[in-house]
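Visitor: Before anything else, here's the structure in question.
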Amino acid sequence: MAKKAVATFSGDRSKSKTVVKCIRMVKSERTGSYAFEEELVPNEKVKDFFNKK
């Protein structure tokens, strides 16, 4: 019987609940193609992440 693999974050558990992974799609001015920006952002700064260009 196979074991089930479970992914966990290492480190302080209380800190991981205050951070969110945000992904934003950005258009390249040079080529016109789209790319994705990913960043771990504190809960308080999520709106700032999506407002900046």
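Ordering of the structure tokens sets the chain letters (A, B, ...), residue numbers begin anew at 1 in every chain, and ligands are numbered from 1 in the order given.
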So that I can see what lies close to A:Glu38, please list as number ranges by chain the residues with an atom at most 8 Å from it, counting only C-alpha atoms and leaving out residues fewer than 2 positions away in the same chain.
Guide: A: 21-24, 36, 40
Visitor: Report, in Å to a single decimal, how far apart atom CA of A:Glu37 and atom CA of A:Met25 are.
Guide: 6.3 Å
Visitor: Excluding A:Pro42 and any residue of its chain fewer than 6 positions from it, enumerate the residues within 7 Å of it, using only C-alpha atoms, and give them as a PDB file with C-alpha atoms, in the first residue's frame.
Guide:
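Once everything was written out, this is result.pdb:
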```pdb
ATOM      1  CA  THR A  18      -0.465  36.150   7.964  1.00  0.00           C
ATOM      2  CA  VAL A  19       1.048  35.805   4.473  1.00  0.00           C
ATOM      3  CA  VAL A  20      -0.794  35.310   1.168  1.00  0.00           C
TER       4      VAL A  20
END
```
Visitor: Could you work out how far atom CA of A:Lys45 lies from atom CA of A:Gly32, giving the answer in Å with one decimal?
Guide: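 Separation of atom CA of A:Gly32 and atom CA of A:Lys45: 28.1 Å.
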